[in-house]
Amino acid sequence: MARVFISYSHRDEKWKERVVRQLGVLEEQGIELWEDRQIMAGDEWEQEITQALEWCNIALLLVSAHSLTSDYILRKEVTALLERRRRDGVRLIPLILSPCQWKQLPWLSLLQVRPTDGRPLSGMSEHDAEQALSELAGEIHKLTQRGQPTAATGPSLPLPPDAVEIHLPRGADHFFGREVELATLDDAWEAADGITVVELIAPGGVGKTSLVDRWLGTLRRDNWRGARRVYGWSFYSQGTGEDRQASEEHFLDQAVKWFGVEVAENADPWTKGQKLAEAVAAQRTLLILDGVEPLQYPPGPLAGELRAPGLKTLLEHLARAGQPGLCVVTSRERLEDLNPEVRDADCPHGAVAPIDLGELSEADGAKLLHALGANRAGAAPVEAGDGELKEAARAVRGHALTLSLLGRYLALAYGGDIRKRDQVDLHEADTETTDGHAFKVMAAYETWFVREGEKRARELAALRLLGFFDRPAHPAGLAVLRAEPAIAGLTEPLVGLSPAQWNTTLTRLRQCGLLLEGEGSGEAAGTLDAHPLVREYLARRLAKEQPAAWREGHRRLYEQLKGSAPHHPEGLAALQPLYQAVAHGCLAGLYEEARAEVYRDRVLRGTGSGGFYSTRQLGAFGADLGAVACLFEMPWRRPAPALSEAAQAWLLNEAATRLRALGRLEEALEPMEAGAERLAKQEAATSYGNLSELQLTLGRIDDAVGAAERSVELADRSGDAFQRMVNRTTLADALHQRGEFAEAAERFREAEAMQAEWQPGYPLLYSLQGFRYCDRLLTEAERAAWRGTGEAAPIRACEAVAERGAKMIEWRLPTDSMLDIALDHLTLARCALYTARLQGRPPEAAAEPTEEAVTGLRAAGDQDMLPHALLTRAHLRHALGDPAGAAADLAEARRIAARGNMRLHMADYHLHHARLFPDRPDARDHLRQARELIEACQYLRRLPELEDAERAAGLPRRSGS
């Protein structure tokens with residue numbers, strides 16, 4: 001028997017009657033209908049609807065703008081039906097009556113609608129509409145033949161313990177409402193309609209983590225509903241301030257190990273993210289990423305974009321490539337990187353479903369207050385639906401954290417009297433942010449603790465200790481804060497407490513809702529935590545009102561953390577205490593000590609030939625950047641004034657190199673320029689050379705030439721033979737890209753003469769300097785190879801450069817960098833490719849060195865140079881009859897160039913695409929974009945090649961060309 005409930009707006013009465021007529025034909029075949037016109041005079045109509053909602057096993061939702069703007073339908077009927085769908089497997093069938101934005105509602109867009117493809121009935125002819133309704137009736141009749149509708153997934157076998165790893169905070173003890181959001185998550189997990197990523201977006205304290213925790217609880221009870229692996233990670237432990245430079249690397253390090261991904265420890269984050277995505281998608285996996293906003297750009301031009309390249313790669317791959325499982329991401333900000341994949345009217349098959357988590361309804365907020373102990377109005381008891389409770393919920397705009405704190409506060413301080421809520425001055429809270437209300441309740445707690453005197457002194461002191469931590473507080477850290485001598489004005493009530501007294505104090509804070517449990521096992525045993533907003537509030541108060549205590553507390557944590565690790569820890573996880581020590585040392589005002597003794601000497605292991613351990617061995621650029629940020633007053637503009645001028649200049653360069661390695665090139669420019677200006681006083685030519693290279697990558701060729709000329713001037717003044725040689729090649733390269741071929745060649749010859757004088761045993765330029773010179777020597781051969789002309793001079797040039805490349809390989813030592821070795825292979829690959837193309841034969845000989853170059857540059861983690869190898873391989877693959885492989889290499893080169901705003905590489909991508917695929921409809925558009933970039937950047941080295949390609953495409957010759 002199919003028991004069908006019809007949910008509709010009375011303004012759609014005519015459509016409802018037509019539905020009833022079609023279904024009525026099959027009433028004797030096992031279909032029983034209920035709609036609200038069956039309610040008899042004198043019946044309690046709301047009770048009748050409630051009973052019908054519990055009675056049905058199929059629900060028809062007649063969808064129109066009228067029904068979707070009906071508060072009663074959405075709050076009463078839809079909410080109840082979604083809950084029954086989750087609980088009992090009730091089948092919900094949306095029927096689209098007329099045009100409306102139903103696809104924008106995540107809970108609705110994930111359901112299979114009728115008519116097919118969501119075509120509104122109102123746009124059909126009379127006959128077609130009746131045909132669609134008749135087919136719907138037949139579909140419902142078929143359901144009666146299958147027996148009672150059931151939930152979308154059957155029973156699952158329990159997962160082994162090692163298939164589940166969850167590092168998430170506990171959710172709230174009391175949970176009300178959110179039926180629509182829970183149903184949407186169920187649909188995304190169970191439906192096979194291509195949703196692979198769900199975004200839960202809401203301000204802090206609204207209840208994102210609690211919602212995920214509650215949903216995971218239902219999945220756990222159902223043996224995870226077919227999941228093969230479940231992995232959860234919270235980034236909230238890394239802080240929530242807008243200026244915090246949180247790192248993704250600890251997550252990537254732990255996740256790749258847990259998923260069994262084989263990747264080098266020092267691999268770049270893009271590679272780790274890609275490999276991790278492939279592992280996640282290999283099986284039906286549930287991946288939860290909670291609180292990613294520390295890894296997003298704060299409000300501004302890049303607001304919401306991820307500044308964590310590994311995480312960005314992971315999410316983009318899961319969204320674009322598909323997977324059999326689901327990734328749920330929570331954040332305070334929309335993930336702008338995923339916008340192209342969001343399912344909406346413009347992208348009906350998008351794989352990303354955003355859920356903007358609203359505040360709790362007045363009714364649910366009232367229930368929460370009541371459950372937490374706000375159950376009286378004066379002396380009289382009140383029910384959960386009392387109007388004063390609803391008014392209190394409305395006053396704080398349904399903010400879940402505020403309601404939780406307020407309910408417990410009223411229960412403890414005023415015996416649950418809701419009328420005492422005026423003791424919390426919510427009217428002065430920031431009206432633009434709901435967390436302002438939460439801060440007011442926390443201030444009320446502090447006032448109450450103070451008013452209670454000795455009775456609550458321990459709770460107040462213990463609570464304030466949490467302000468020293470931006471992550472769960474470890475027992476060892478808490479112990480040093482409580483140790484003798486007391487921190488004046490802060491920890492006197494805590495000194496000398498017995499374990500029983502300390503535990504009693506913590507229990508009372510938990511009763512207030514101010515303290516959460518840590519994970520409670522392994523290394524996390526005994527940790528204490530609070531909601532991130534609670535930590536933020538406590539930290540602000542301590543720093544502002546008790547600055548001496550603030551510095552002393554952080555000094556103690558700094559000493560404890562740096563003493564808890566070996567002098568030179570091995571691996572990223574073992575370095576975490578030192579990274580934390582840098583942060584606490586800076587907050588204690590110990591900037592120079594934290595910079596030199598911890599970051600430079602222990603994290604980097606020095607800056608000499610065997611130094612830079614964290615980046616060279618571990619690839620931990622993001623973790624380094626997080627530590628470096630602590631040493632700035634304003635990242636990346638003003639280092640801490642307490643540092644010396646030399647230390648500030650060094651720090652600016654550290655920030656720039658880490659930002660550059662993470663692909664954040666525009667951000668790297670400012671500190672690199674500032675560092676160069678400061679170091680110029682010490683004749684540091686290297687800094688201006690680095691600045692020139694960065695400007696060149698960004699397509700600012702004129703600026704690159706200017707910085708390189710400055711580097712040569714400083715190098716000559718210093719008299720350092722190596723600097724004089726290196727910086728001339730930097731200048732020569734910038735001139736080459738600007739199309740000044742003769743001047744560039746002259747500078748390269750000068751540099752090579754200096755190299756021969758400096759190292760007579762190695763008379764040729766080698767490493768990066770040698771690669772640049774070979775690039776200049778191959779300019780004419782490359783152009784000729786694209787034209788396909790078999791001229792003798794370009795072939796001889798390739799042969800001469802190949803001899804240089806072979807000599808560089810011969811000179812290689814085991815200790816040489818992966819980058820230098822890869823560039824040598826790339827030079828040989830280009831020589832072999834161009835020679836074969838000029839001689840009209842297949843370039844098989846170029847295959848091996850090309851693969852060596854691509855593999856080596858990936859391993860080196862150098863995003864600036866990798867597009868060179870990818871574009872060379874695209875050319876090679878196309879020549880060997882593999883256009884799909886060529887297209888894949890072009891696409892990867894474009895992605896790298898786009899995410900780093902590498903405009904020269906982007907110009908090369910467009911030019912290569914047009915030349916490799918000239919018959920495609922977009923070939924001329926690629927040429928147009930190549931010209932725009934070449935002209936804007938003055939990338940005149942490519943102008944002759946562009947003109948050749950334009951002529952081959954039949955484009956008119958431009959004046960002046």
# chains A, B, ... in the order shown; residues from 1 in each chain; ligands from 1
call {"tool": "residues_around", "arguments": {"residues": "stretch 775-791 of chain A", "least_positions_apart": "4", "cutoff": "6 Å", "atoms": "only C-alpha atoms", "output": "list of chain:residue names"}}
result
A:Tyr834, A:Arg837, A:Leu838, A:Gln839, A:Glu945
call {"tool": "write_last_selection", "arguments": {"atoms": "all heavy atoms", "output": "PDB file, in the first residue's frame"}}
result
ATOM      1  N   TYR A 834      64.304  19.361 -31.098  1.00  0.00           N
ATOM      2  CA  TYR A 834      64.411  20.322 -32.202  1.00  0.00           C
ATOM      3  C   TYR A 834      65.193  19.737 -33.370  1.00  0.00           C
ATOM      4  O   TYR A 834      64.847  19.955 -34.539  1.00  0.00           O
ATOM      5  CB  TYR A 834      65.068  21.614 -31.712  1.00  0.00           C
ATOM      6  CG  TYR A 834      64.343  22.302 -30.581  1.00  0.00           C
ATOM      7  CD1 TYR A 834      65.023  23.154 -29.714  1.00  0.00           C
ATOM      8  CD2 TYR A 834      62.985  22.099 -30.362  1.00  0.00           C
ATOM      9  CE1 TYR A 834      64.372  23.801 -28.664  1.00  0.00           C
ATOM     10  CE2 TYR A 834      62.320  22.721 -29.318  1.00  0.00           C
ATOM     11  CZ  TYR A 834      63.024  23.569 -28.463  1.00  0.00           C
ATOM     12  OH  TYR A 834      62.378  24.188 -27.427  1.00  0.00           O
ATOM     13  N   ARG A 837      62.917  17.413 -35.306  1.00  0.00           N
ATOM     14  CA  ARG A 837      61.904  18.152 -36.053  1.00  0.00           C
ATOM     15  C   ARG A 837      62.532  18.849 -37.277  1.00  0.00           C
ATOM     16  O   ARG A 837      61.927  18.904 -38.340  1.00  0.00           O
ATOM     17  CB  ARG A 837      61.249  19.198 -35.159  1.00  0.00           C
ATOM     18  CG  ARG A 837      60.572  18.619 -33.936  1.00  0.00           C
ATOM     19  CD  ARG A 837      59.388  17.756 -34.280  1.00  0.00           C
ATOM     20  NE  ARG A 837      58.221  18.563 -34.646  1.00  0.00           N
ATOM     21  CZ  ARG A 837      57.174  18.079 -35.299  1.00  0.00           C
ATOM     22  NH1 ARG A 837      57.173  16.831 -35.718  1.00  0.00           N
ATOM     23  NH2 ARG A 837      56.149  18.863 -35.570  1.00  0.00           N
ATOM     24  N   LEU A 838      63.744  19.356 -37.097  1.00  0.00           N
ATOM     25  CA  LEU A 838      64.421  20.027 -38.212  1.00  0.00           C
ATOM     26  C   LEU A 838      64.827  19.033 -39.304  1.00  0.00           C
ATOM     27  O   LEU A 838      64.868  19.379 -40.486  1.00  0.00           O
ATOM     28  CB  LEU A 838      65.660  20.770 -37.699  1.00  0.00           C
ATOM     29  CG  LEU A 838      65.367  22.025 -36.858  1.00  0.00           C
ATOM     30  CD1 LEU A 838      66.623  22.462 -36.110  1.00  0.00           C
ATOM     31  CD2 LEU A 838      64.855  23.160 -37.756  1.00  0.00           C
ATOM     32  N   GLN A 839      65.107  17.805 -38.898  1.00  0.00           N
ATOM     33  CA  GLN A 839      65.524  16.786 -39.859  1.00  0.00           C
ATOM     34  C   GLN A 839      64.351  15.959 -40.383  1.00  0.00           C
ATOM     35  O   GLN A 839      64.543  15.051 -41.186  1.00  0.00           O
ATOM     36  CB  GLN A 839      66.570  15.865 -39.221  1.00  0.00           C
ATOM     37  CG  GLN A 839      67.873  16.585 -38.916  1.00  0.00           C
ATOM     38  CD  GLN A 839      68.879  15.705 -38.188  1.00  0.00           C
ATOM     39  OE1 GLN A 839      68.517  14.658 -37.636  1.00  0.00           O
ATOM     40  NE2 GLN A 839      70.152  16.116 -38.212  1.00  0.00           N
ATOM     41  N   GLU A 945      58.114  34.031 -33.091  1.00  0.00           N
ATOM     42  CA  GLU A 945      57.389  32.762 -33.146  1.00  0.00           C
ATOM     43  C   GLU A 945      55.880  33.007 -33.278  1.00  0.00           C
ATOM     44  O   GLU A 945      55.179  32.286 -34.003  1.00  0.00           O
ATOM     45  CB  GLU A 945      57.664  31.940 -31.886  1.00  0.00           C
ATOM     46  CG  GLU A 945      59.099  31.484 -31.737  1.00  0.00           C
ATOM     47  CD  GLU A 945      59.309  30.718 -30.434  1.00  0.00           C
ATOM     48  OE1 GLU A 945      58.595  29.723 -30.219  1.00  0.00           O
ATOM     49  OE2 GLU A 945      60.161  31.136 -29.626  1.00  0.00           O
TER      50      GLU A 945
END
call {"tool": "select_by_dssp", "arguments": {"residues": "stretch 230-277 of chain A", "states": "helix (DSSP H, G or I)", "output": "PyMOL selection string"}}
result
chain A and resi 236-238+249-258+269-277
call {"tool": "closest_residue", "arguments": {"among": "A:Asp816, A:Glu592, A:Glu799, A:Asp356", "to": "A:Ala836", "atoms": "only C-alpha atoms"}}
result
A:Glu799
call {"tool": "closest_residue", "arguments": {"among": "A:Leu478, A:Ala744, A:Ala80, A:Ile288", "to": "A:Leu168", "atoms": "only C-alpha atoms"}}
result
A:Ile288
call {"tool": "closest_residue", "arguments": {"among": "A:Ala845, A:Ala952, A:Ala227, A:Leu62", "to": "A:Glu17", "atoms": "only C-alpha atoms"}}
result
A:Leu62
call {"tool": "residues_around", "arguments": {"residues": "A:Asp824", "least_positions_apart": "4", "cutoff": "9 Å", "atoms": "only C-alpha atoms", "output": "list in words"}}
result
Tyr766, Ser767, Leu768, Gly770, Phe771, Gly805, Ala806, Met808, Ile809, Leu819, Asp820, Leu828, Ala829, Pro849 and Ala853 of chain A
call {"tool": "write_last_selection", "arguments": {"atoms": "N, CA and C atoms", "output": "PDB file, in the first residue's frame"}}
result
ATOM      1  N   TYR A 766      77.094  26.384 -15.763  1.00  0.00           N
ATOM      2  CA  TYR A 766      76.342  25.157 -15.500  1.00  0.00           C
ATOM      3  C   TYR A 766      75.235  25.468 -14.487  1.00  0.00           C
ATOM      4  N   SER A 767      74.478  24.446 -14.117  1.00  0.00           N
ATOM      5  CA  SER A 767      73.323  24.587 -13.227  1.00  0.00           C
ATOM      6  C   SER A 767      72.310  25.551 -13.849  1.00  0.00           C
ATOM      7  N   LEU A 768      71.623  26.339 -13.030  1.00  0.00           N
ATOM      8  CA  LEU A 768      70.599  27.243 -13.566  1.00  0.00           C
ATOM      9  C   LEU A 768      71.202  28.235 -14.541  1.00  0.00           C
ATOM     10  N   GLY A 770      73.769  27.781 -16.508  1.00  0.00           N
ATOM     11  CA  GLY A 770      74.005  27.091 -17.772  1.00  0.00           C
ATOM     12  C   GLY A 770      72.711  26.861 -18.536  1.00  0.00           C
ATOM     13  N   PHE A 771      71.635  26.521 -17.838  1.00  0.00           N
ATOM     14  CA  PHE A 771      70.346  26.312 -18.500  1.00  0.00           C
ATOM     15  C   PHE A 771      69.880  27.592 -19.192  1.00  0.00           C
ATOM     16  N   GLY A 805      75.346  20.299 -22.799  1.00  0.00           N
ATOM     17  CA  GLY A 805      74.518  19.543 -21.869  1.00  0.00           C
ATOM     18  C   GLY A 805      75.175  18.266 -21.416  1.00  0.00           C
ATOM     19  N   ALA A 806      75.804  17.570 -22.342  1.00  0.00           N
ATOM     20  CA  ALA A 806      76.500  16.335 -21.983  1.00  0.00           C
ATOM     21  C   ALA A 806      77.641  16.609 -21.008  1.00  0.00           C
ATOM     22  N   MET A 808      77.748  19.043 -18.846  1.00  0.00           N
ATOM     23  CA  MET A 808      77.153  19.337 -17.541  1.00  0.00           C
ATOM     24  C   MET A 808      76.764  18.050 -16.805  1.00  0.00           C
ATOM     25  N   ILE A 809      76.216  17.081 -17.541  1.00  0.00           N
ATOM     26  CA  ILE A 809      75.889  15.782 -16.937  1.00  0.00           C
ATOM     27  C   ILE A 809      77.162  15.103 -16.443  1.00  0.00           C
ATOM     28  N   LEU A 819      67.033  20.056  -8.878  1.00  0.00           N
ATOM     29  CA  LEU A 819      66.679  21.072  -9.859  1.00  0.00           C
ATOM     30  C   LEU A 819      67.736  21.172 -10.940  1.00  0.00           C
ATOM     31  N   ASP A 820      68.993  21.263 -10.536  1.00  0.00           N
ATOM     32  CA  ASP A 820      70.068  21.419 -11.524  1.00  0.00           C
ATOM     33  C   ASP A 820      70.135  20.209 -12.453  1.00  0.00           C
ATOM     34  N   LEU A 828      69.043  18.759 -22.825  1.00  0.00           N
ATOM     35  CA  LEU A 828      69.290  17.666 -23.773  1.00  0.00           C
ATOM     36  C   LEU A 828      68.011  17.269 -24.497  1.00  0.00           C
ATOM     37  N   ALA A 829      66.876  17.276 -23.778  1.00  0.00           N
ATOM     38  CA  ALA A 829      65.599  16.911 -24.404  1.00  0.00           C
ATOM     39  C   ALA A 829      65.233  17.894 -25.504  1.00  0.00           C
ATOM     40  N   PRO A 849      65.223  11.844 -21.939  1.00  0.00           N
ATOM     41  CA  PRO A 849      65.604  13.041 -21.182  1.00  0.00           C
ATOM     42  C   PRO A 849      64.395  13.920 -20.817  1.00  0.00           C
ATOM     43  N   ALA A 853      63.468  15.060 -17.068  1.00  0.00           N
ATOM     44  CA  ALA A 853      63.291  16.468 -16.712  1.00  0.00           C
ATOM     45  C   ALA A 853      61.988  16.686 -15.954  1.00  0.00           C
TER      46      ALA A 853
END
call {"tool": "residues_around", "arguments": {"residues": "A:Lys312", "least_positions_apart": "3", "cutoff": "12 Å", "atoms": "only C-alpha atoms", "output": "JSON, numbers by chain"}}
result
{"A": [248, 252, 269, 270, 271, 272, 273, 274, 276, 277, 292, 295, 296, 304, 305, 306, 307, 308, 309, 315, 316, 317, 318, 319, 320, 329, 335, 336, 337, 338, 662, 663, 895, 899]}
call {"tool": "atom_distance", "arguments": {"atom1": "atom CA of A:Lys367", "atom2": "atom CA of A:Ile418"}}
result
12.6 Å
call {"tool": "atom_distance", "arguments": {"atom1": "atom CA of A:Glu359", "atom2": "atom CA of A:His399"}}
result
5.7 Å
call {"tool": "closest_residue", "arguments": {"among": "A:His926, A:Arg221, A:Lys420, A:Arg18", "to": "A:Ala379", "atoms": "only C-alpha atoms"}}
result
A:Lys420
call {"tool": "residues_around", "arguments": {"residues": "stretch 668-673 of chain A", "least_positions_apart": "4", "cutoff": "9 Å", "atoms": "only C-alpha atoms", "output": "list in words"}}
result
Pro635, Trp636, Arg637, Arg638, Ala649, Leu651, Leu652, Asn653, Glu654, Ala655, Ala656, Thr657, Arg658, Leu659, Arg660, Gly663, Arg664, Glu677, Arg678, Ser687, Tyr688, Asn690, Leu691, Leu694 and Gln695 of chain A
